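Containing PDB, C-alpha atoms: structure_4.pdb.
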```
ATOM      1  CA  MET A   1     -68.652-210.666-111.433  1.00  0.00           C
ATOM      2  CA  LYS A   2     -67.863-208.416-114.403  1.00  0.00           C
ATOM      3  CA  ILE A   3     -70.850-207.635-116.631  1.00  0.00           C
ATOM      4  CA  ASP A   4     -70.342-206.406-120.201  1.00  0.00           C
ATOM      5  CA  LEU A   5     -72.875-203.592-120.571  1.00  0.00           C
ATOM      6  CA  THR A   6     -72.653-203.691-124.380  1.00  0.00           C
ATOM      7  CA  LYS A   7     -74.253-207.163-124.287  1.00  0.00           C
ATOM      8  CA  ILE A   8     -77.361-206.101-122.351  1.00  0.00           C
ATOM      9  CA  PRO A   9     -80.465-206.540-124.543  1.00  0.00           C
ATOM     10  CA  PRO A  10     -82.997-203.663-124.909  1.00  0.00           C
ATOM     11  CA  GLU A  11     -85.434-205.448-122.564  1.00  0.00           C
ATOM     12  CA  GLY A  12     -82.721-205.721-119.896  1.00  0.00           C
ATOM     13  CA  LYS A  13     -81.131-208.614-118.089  1.00  0.00           C
ATOM     14  CA  ARG A  14     -81.415-209.892-114.515  1.00  0.00           C
ATOM     15  CA  PHE A  15     -78.617-211.423-112.451  1.00  0.00           C
ATOM     16  CA  ASN A  16     -79.228-213.262-109.162  1.00  0.00           C
ATOM     17  CA  LEU A  17     -76.276-213.257-106.812  1.00  0.00           C
ATOM     18  CA  MET A  18     -75.319-215.238-103.706  1.00  0.00           C
ATOM     19  CA  LEU A  19     -72.044-214.188-102.109  1.00  0.00           C
ATOM     20  CA  PRO A  20     -70.352-216.269 -99.375  1.00  0.00           C
ATOM     21  CA  VAL A  21     -69.517-215.008 -95.886  1.00  0.00           C
ATOM     22  CA  GLY A  22     -65.836-214.659 -96.849  1.00  0.00           C
ATOM     23  CA  TRP A  23     -66.663-212.306 -99.741  1.00  0.00           C
ATOM     24  CA  TRP A  24     -66.576-209.128 -97.615  1.00  0.00           C
ATOM     25  CA  LYS A  25     -63.089-207.781 -96.948  1.00  0.00           C
ATOM     26  CA  PRO A  26     -62.877-204.691 -94.690  1.00  0.00           C
ATOM     27  CA  ASP A  27     -60.832-201.798 -96.051  1.00  0.00           C
ATOM     28  CA  SER A  28     -59.204-201.210 -92.650  1.00  0.00           C
ATOM     29  CA  ASP A  29     -59.261-202.387 -89.040  1.00  0.00           C
ATOM     30  CA  GLY A  30     -61.523-199.454 -88.184  1.00  0.00           C
ATOM     31  CA  ASP A  31     -64.286-200.350 -90.656  1.00  0.00           C
ATOM     32  CA  ARG A  32     -67.760-200.387 -89.164  1.00  0.00           C
ATOM     33  CA  ILE A  33     -68.645-203.341 -91.402  1.00  0.00           C
ATOM     34  CA  VAL A  34     -66.469-206.158 -90.078  1.00  0.00           C
ATOM     35  CA  GLY A  35     -67.927-208.887 -92.293  1.00  0.00           C
ATOM     36  CA  LEU A  36     -70.959-210.967 -93.182  1.00  0.00           C
ATOM     37  CA  GLU A  37     -72.624-213.204 -90.620  1.00  0.00           C
ATOM     38  CA  ARG A  38     -74.577-215.038 -93.344  1.00  0.00           C
ATOM     39  CA  PRO A  39     -74.182-215.124 -97.141  1.00  0.00           C
ATOM     40  CA  LEU A  40     -75.383-212.042 -98.992  1.00  0.00           C
ATOM     41  CA  SER A  41     -78.202-212.548-101.468  1.00  0.00           C
ATOM     42  CA  GLY A  42     -79.063-210.015-104.091  1.00  0.00           C
ATOM     43  CA  SER A  43     -80.285-209.345-107.562  1.00  0.00           C
ATOM     44  CA  ILE A  44     -79.338-206.831-110.211  1.00  0.00           C
ATOM     45  CA  THR A  45     -81.417-205.913-113.241  1.00  0.00           C
ATOM     46  CA  ILE A  46     -79.672-203.858-115.919  1.00  0.00           C
ATOM     47  CA  TYR A  47     -81.483-202.147-118.775  1.00  0.00           C
ATOM     48  CA  PRO A  48     -80.720-199.354-121.252  1.00  0.00           C
ATOM     49  CA  ALA A  49     -82.370-195.948-120.840  1.00  0.00           C
ATOM     50  CA  GLY A  50     -81.326-193.588-123.632  1.00  0.00           C
ATOM     51  CA  LYS A  51     -77.557-192.977-123.393  1.00  0.00           C
ATOM     52  CA  ASN A  52     -77.502-194.468-119.892  1.00  0.00           C
ATOM     53  CA  MET A  53     -77.766-197.879-118.309  1.00  0.00           C
ATOM     54  CA  VAL A  54     -79.967-198.316-115.273  1.00  0.00           C
ATOM     55  CA  VAL A  55     -78.958-200.764-112.557  1.00  0.00           C
ATOM     56  CA  GLU A  56     -81.764-201.708-110.196  1.00  0.00           C
ATOM     57  CA  GLY A  57     -81.306-204.237-107.484  1.00  0.00           C
ATOM     58  CA  SER A  58     -81.850-205.462-104.000  1.00  0.00           C
ATOM     59  CA  ILE A  59     -79.578-206.807-101.302  1.00  0.00           C
ATOM     60  CA  SER A  60     -80.276-208.840 -98.211  1.00  0.00           C
ATOM     61  CA  ALA A  61     -77.600-209.707 -95.659  1.00  0.00           C
ATOM     62  CA  ARG A  62     -76.817-210.098 -91.995  1.00  0.00           C
ATOM     63  CA  LEU A  63     -73.787-207.896 -91.418  1.00  0.00           C
ATOM     64  CA  LEU A  64     -71.276-207.942 -88.606  1.00  0.00           C
ATOM     65  CA  LEU A  65     -70.896-204.314 -87.513  1.00  0.00           C
ATOM     66  CA  ARG A  66     -68.605-202.650 -84.990  1.00  0.00           C
ATOM     67  CA  CYS A  67     -70.362-200.579 -82.323  1.00  0.00           C
ATOM     68  CA  ASP A  68     -69.193-196.951 -82.287  1.00  0.00           C
ATOM     69  CA  ARG A  69     -69.437-196.764 -78.483  1.00  0.00           C
ATOM     70  CA  CYS A  70     -68.073-200.066 -77.134  1.00  0.00           C
ATOM     71  CA  LEU A  71     -66.242-201.356 -80.264  1.00  0.00           C
ATOM     72  CA  GLU A  72     -67.845-204.815 -79.906  1.00  0.00           C
ATOM     73  CA  GLN A  73     -69.138-206.699 -82.960  1.00  0.00           C
ATOM     74  CA  TYR A  74     -72.849-207.363 -83.387  1.00  0.00           C
ATOM     75  CA  GLY A  75     -75.180-208.700 -86.074  1.00  0.00           C
ATOM     76  CA  TRP A  76     -77.426-206.340 -88.041  1.00  0.00           C
ATOM     77  CA  ASP A  77     -79.977-207.247 -90.729  1.00  0.00           C
ATOM     78  CA  LEU A  78     -80.052-205.298 -93.980  1.00  0.00           C
ATOM     79  CA  SER A  79     -82.615-205.613 -96.740  1.00  0.00           C
ATOM     80  CA  GLU A  80     -82.689-202.723 -99.209  1.00  0.00           C
ATOM     81  CA  GLY A  81     -83.345-201.860-102.821  1.00  0.00           C
ATOM     82  CA  PHE A  82     -81.314-199.483-104.956  1.00  0.00           C
ATOM     83  CA  ARG A  83     -81.286-197.789-108.363  1.00  0.00           C
ATOM     84  CA  ILE A  84     -78.237-196.391-110.167  1.00  0.00           C
ATOM     85  CA  SER A  85     -78.009-194.624-113.518  1.00  0.00           C
ATOM     86  CA  LEU A  86     -74.725-195.068-115.389  1.00  0.00           C
ATOM     87  CA  SER A  87     -73.550-192.966-118.322  1.00  0.00           C
ATOM     88  CA  LEU A  88     -71.821-194.967-121.048  1.00  0.00           C
ATOM     89  CA  SER A  89     -70.614-191.916-122.980  1.00  0.00           C
ATOM     90  CA  GLN A  90     -67.301-190.407-121.939  1.00  0.00           C
ATOM     91  CA  PHE A  91     -66.099-186.874-122.566  1.00  0.00           C
ATOM     92  CA  ARG A  92     -63.413-186.747-125.234  1.00  0.00           C
ATOM     93  CA  GLY A  93     -61.748-183.352-125.342  1.00  0.00           C
ATOM     94  CA  GLU A  94     -59.248-180.982-123.793  1.00  0.00           C
ATOM     95  CA  ARG A  95     -61.456-178.149-122.586  1.00  0.00           C
ATOM     96  CA  GLU A  96     -62.750-177.761-119.068  1.00  0.00           C
ATOM     97  CA  VAL A  97     -66.379-178.806-118.602  1.00  0.00           C
ATOM     98  CA  GLU A  98     -68.726-179.073-115.663  1.00  0.00           C
ATOM     99  CA  LEU A  99     -70.099-182.575-115.204  1.00  0.00           C
ATOM    100  CA  LEU A 100     -73.637-183.169-114.082  1.00  0.00           C
ATOM    101  CA  GLU A 101     -74.245-185.533-111.179  1.00  0.00           C
ATOM    102  CA  ASP A 102     -75.514-188.340-113.407  1.00  0.00           C
ATOM    103  CA  GLU A 103     -72.390-188.059-115.605  1.00  0.00           C
ATOM    104  CA  LEU A 104     -70.064-189.071-112.786  1.00  0.00           C
ATOM    105  CA  ASN A 105     -69.508-192.818-112.882  1.00  0.00           C
ATOM    106  CA  PRO A 106     -68.279-194.492-109.714  1.00  0.00           C
ATOM    107  CA  ASP A 107     -65.317-196.837-109.308  1.00  0.00           C
ATOM    108  CA  PHE A 108     -67.261-199.936-110.305  1.00  0.00           C
ATOM    109  CA  MET A 109     -67.027-199.074-114.023  1.00  0.00           C
ATOM    110  CA  ASP A 110     -64.107-200.096-116.199  1.00  0.00           C
ATOM    111  CA  GLY A 111     -64.965-198.969-119.716  1.00  0.00           C
ATOM    112  CA  ASP A 112     -68.079-200.950-120.643  1.00  0.00           C
ATOM    113  CA  LEU A 113     -67.632-203.462-117.811  1.00  0.00           C
ATOM    114  CA  LEU A 114     -69.637-203.223-114.612  1.00  0.00           C
ATOM    115  CA  ASP A 115     -68.171-204.845-111.488  1.00  0.00           C
ATOM    116  CA  SER A 116     -71.261-206.142-109.663  1.00  0.00           C
ATOM    117  CA  ASP A 117     -69.237-206.904-106.512  1.00  0.00           C
ATOM    118  CA  GLN A 118     -68.237-203.235-106.255  1.00  0.00           C
ATOM    119  CA  VAL A 119     -71.863-202.145-106.786  1.00  0.00           C
ATOM    120  CA  LEU A 120     -72.991-204.381-103.918  1.00  0.00           C
ATOM    121  CA  LYS A 121     -70.125-203.275-101.680  1.00  0.00           C
ATOM    122  CA  GLU A 122     -71.000-199.620-102.224  1.00  0.00           C
ATOM    123  CA  GLN A 123     -74.672-200.274-101.498  1.00  0.00           C
ATOM    124  CA  LEU A 124     -73.822-202.031 -98.221  1.00  0.00           C
ATOM    125  CA  ILE A 125     -71.677-199.089 -97.129  1.00  0.00           C
ATOM    126  CA  LEU A 126     -74.356-196.566 -98.128  1.00  0.00           C
ATOM    127  CA  HIS A 127     -77.120-198.372 -96.229  1.00  0.00           C
ATOM    128  CA  VAL A 128     -75.270-198.820 -92.925  1.00  0.00           C
ATOM    129  CA  PRO A 129     -76.238-196.071 -90.437  1.00  0.00           C
ATOM    130  CA  MET A 130     -73.703-193.297 -89.822  1.00  0.00           C
ATOM    131  CA  LYS A 131     -73.623-194.219 -86.135  1.00  0.00           C
ATOM    132  CA  THR A 132     -73.670-197.953 -85.454  1.00  0.00           C
ATOM    133  CA  LEU A 133     -74.740-199.024 -81.972  1.00  0.00           C
ATOM    134  CA  CYS A 134     -75.051-202.566 -80.642  1.00  0.00           C
ATOM    135  CA  THR A 135     -78.040-201.344 -78.582  1.00  0.00           C
ATOM    136  CA  PRO A 136     -79.507-197.869 -78.039  1.00  0.00           C
ATOM    137  CA  GLU A 137     -78.577-198.240 -74.342  1.00  0.00           C
ATOM    138  CA  CYS A 138     -74.893-199.043 -75.027  1.00  0.00           C
ATOM    139  CA  LYS A 139     -72.756-197.518 -72.246  1.00  0.00           C
ATOM    140  CA  GLY A 140     -69.551-197.528 -74.268  1.00  0.00           C
ATOM    141  CA  LEU A 141     -66.024-197.596 -72.864  1.00  0.00           C
ATOM    142  CA  CYS A 142     -64.576-195.917 -69.786  1.00  0.00           C
ATOM    143  CA  HIS A 143     -62.644-192.837 -70.892  1.00  0.00           C
ATOM    144  CA  LEU A 144     -59.785-193.657 -68.506  1.00  0.00           C
ATOM    145  CA  CYS A 145     -59.208-197.403 -68.446  1.00  0.00           C
ATOM    146  CA  GLY A 146     -61.081-198.512 -71.603  1.00  0.00           C
ATOM    147  CA  CYS A 147     -63.295-200.981 -69.733  1.00  0.00           C
ATOM    148  CA  ASN A 148     -66.469-201.982 -71.622  1.00  0.00           C
ATOM    149  CA  LEU A 149     -69.128-200.540 -69.316  1.00  0.00           C
ATOM    150  CA  ASN A 150     -71.788-202.880 -70.746  1.00  0.00           C
ATOM    151  CA  ILE A 151     -69.924-205.893 -69.342  1.00  0.00           C
ATOM    152  CA  SER A 152     -68.471-204.618 -66.064  1.00  0.00           C
ATOM    153  CA  THR A 153     -67.935-201.532 -63.979  1.00  0.00           C
ATOM    154  CA  CYS A 154     -64.485-200.085 -63.675  1.00  0.00           C
ATOM    155  CA  SER A 155     -62.664-198.814 -60.590  1.00  0.00           C
ATOM    156  CA  CYS A 156     -62.189-195.317 -62.016  1.00  0.00           C
ATOM    157  CA  SER A 157     -64.017-192.706 -59.974  1.00  0.00           C
ATOM    158  CA  SER A 158     -66.289-190.113 -61.536  1.00  0.00           C
ATOM    159  CA  THR A 159     -63.931-187.443 -60.115  1.00  0.00           C
ATOM    160  CA  ASP A 160     -61.027-188.922 -62.128  1.00  0.00           C
ATOM    161  CA  GLN A 161     -63.153-188.976 -65.250  1.00  0.00           C
ATOM    162  CA  ASN A 162     -64.198-185.328 -64.790  1.00  0.00           C
ATOM    163  CA  LEU A 163     -60.523-184.289 -64.478  1.00  0.00           C
ATOM    164  CA  ILE A 164     -59.778-185.849 -67.877  1.00  0.00           C
ATOM    165  CA  PHE A 165     -62.457-183.740 -69.560  1.00  0.00           C
ATOM    166  CA  ARG A 166     -61.314-180.491 -67.867  1.00  0.00           C
ATOM    167  CA  ASN A 167     -57.695-180.996 -68.920  1.00  0.00           C
ATOM    168  CA  HIS A 168     -58.531-181.567 -72.607  1.00  0.00           C
TER     169      HIS A 168
END
```
Would you write the structure of this file as structure tokens?
Amino acid sequence: MKIDLTKIPPEGKRFNLMLPVGWWKPDSDGDRIVGLERPLSGSITIYPAGKNMVVEGSISARLLLRCDRCLEQYGWDLSEGFRISLSLSQFRGEREVELLEDELNPDFMDGDLLDSDQVLKEQLILHVPMKTLCTPECKGLCHLCGCNLNISTCSCSSTDQNLIFRNH
């Protein structure tokens, strides 16, 4: 949904969002977030703060993640709040200037329009752990044959596996 920030009243405006399972589209086959297991629910409240607009919100979803060790998909619950400050003024000039952190607007701004879908997508990505594991005890894949060691044992010997590591 595109939100016109010039139409936000001084007291702010709240938007409740419910996005279907098919809303999430991975950027690549290697994305850790594979999709949504259940619809995403969220809310966004936008209000002016001086020359900026503040976007506060919350998201709740059950994500389908890809395990970094075994590459299997698993469900993971996310429920988080967020707060973003957006600058509506843009620099108009030719000289070189240093921008402050709060002057850098992300990709979800197009002039005075805020793309709420992009805000939510960014928040999902930011709140997923750097290392995603289906379980803390995940054994991963065999380095030789690629067998998922959580499901079965492979016929590769530990001697063969040690040779791989010495040669690389």
- Message: Applying the PyMOL selection byres ((chain A and resi 147-154) around 12) to the file I just gave you, which residues come out? Please list them as a VMD selection string.
- Response: chain A and resid 67 69 to 72 134 to 146 155 to 158 160 to 161
- Which residues come within 12 Å of Tyr74 of chain A, counting all atoms listed in the file, excluding same-chain residues fewer than 6 positions away, as a PyMOL selection string? chain A and resi 32-37+62-68+132-135+138
Could you take the residues named above and write them with C-alpha atoms, as a PDB file, in the frame of the given file?
```
ATOM      1  CA  ARG A  32     -67.760-200.387 -89.164  1.00  0.00           C
ATOM      2  CA  ILE A  33     -68.645-203.341 -91.402  1.00  0.00           C
ATOM      3  CA  VAL A  34     -66.469-206.158 -90.078  1.00  0.00           C
ATOM      4  CA  GLY A  35     -67.927-208.887 -92.293  1.00  0.00           C
ATOM      5  CA  LEU A  36     -70.959-210.967 -93.182  1.00  0.00           C
ATOM      6  CA  GLU A  37     -72.624-213.204 -90.620  1.00  0.00           C
ATOM      7  CA  ARG A  62     -76.817-210.098 -91.995  1.00  0.00           C
ATOM      8  CA  LEU A  63     -73.787-207.896 -91.418  1.00  0.00           C
ATOM      9  CA  LEU A  64     -71.276-207.942 -88.606  1.00  0.00           C
ATOM     10  CA  LEU A  65     -70.896-204.314 -87.513  1.00  0.00           C
ATOM     11  CA  ARG A  66     -68.605-202.650 -84.990  1.00  0.00           C
ATOM     12  CA  CYS A  67     -70.362-200.579 -82.323  1.00  0.00           C
ATOM     13  CA  ASP A  68     -69.193-196.951 -82.287  1.00  0.00           C
ATOM     14  CA  THR A 132     -73.670-197.953 -85.454  1.00  0.00           C
ATOM     15  CA  LEU A 133     -74.740-199.024 -81.972  1.00  0.00           C
ATOM     16  CA  CYS A 134     -75.051-202.566 -80.642  1.00  0.00           C
ATOM     17  CA  THR A 135     -78.040-201.344 -78.582  1.00  0.00           C
ATOM     18  CA  CYS A 138     -74.893-199.043 -75.027  1.00  0.00           C
TER      19      CYS A 138
END
```
- Message: Take the PyMOL selection byres ((chain A and resi 46-59) around 7), run it mentally on this structure, and tell me the resulting residues as a ChimeraX atom specification.
- Response: /A:8,10-14,41-45,60-61,79-88
- Message: Just the number, please: distance in Å from atom CA of Val128 of chain A to atom CA of Asn16 of chain A, one decimal.
- Response: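 Straight-line distance from atom CA of Val128 of chain A to atom CA of Asn16 of chain A works out to 22.1 Å.
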- Message: To test your reading of the syntax: which residues would the PyMOL selection byres ((chain A and resi 110-122) around 6) return for the file shown? Reply as a list of chain:residue names.
- Response: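 Answer for the PyMOL selection byres ((chain A and resi 110-122) around 6): A:Met1, A:Lys2, A:Ile3, A:Asp4, A:Leu5, A:Phe108, A:Met109, A:Gln123, A:Leu124, A:Ile125.
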- Straight-line distance linking atom CA of Lys131 of chain A with atom CA of Gly22 of chain A, stated in Å to one decimal: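 These two atoms are separated by 24.4 Å.
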- Message: To one decimal place in Å, what is the distance between atom CA of Trp24 of chain A and atom CA of Leu78 of chain A?
- Response: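 Spanning atom CA of Trp24 of chain A to atom CA of Leu78 of chain A is a straight-line distance of 14.5 Å.
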Kindly compute an axis-aligned box around the listed atoms of segment 6-25 of chain A, allowing 8 Å on each side, and express its centre and edge lengths in Å to one decimal as lines of an AutoDock Vina configuration file.
```
center_x = -74.3
center_y = -210.0
center_z = -110.4
size_x = 38.3
size_y = 28.6
size_z = 45.0
```
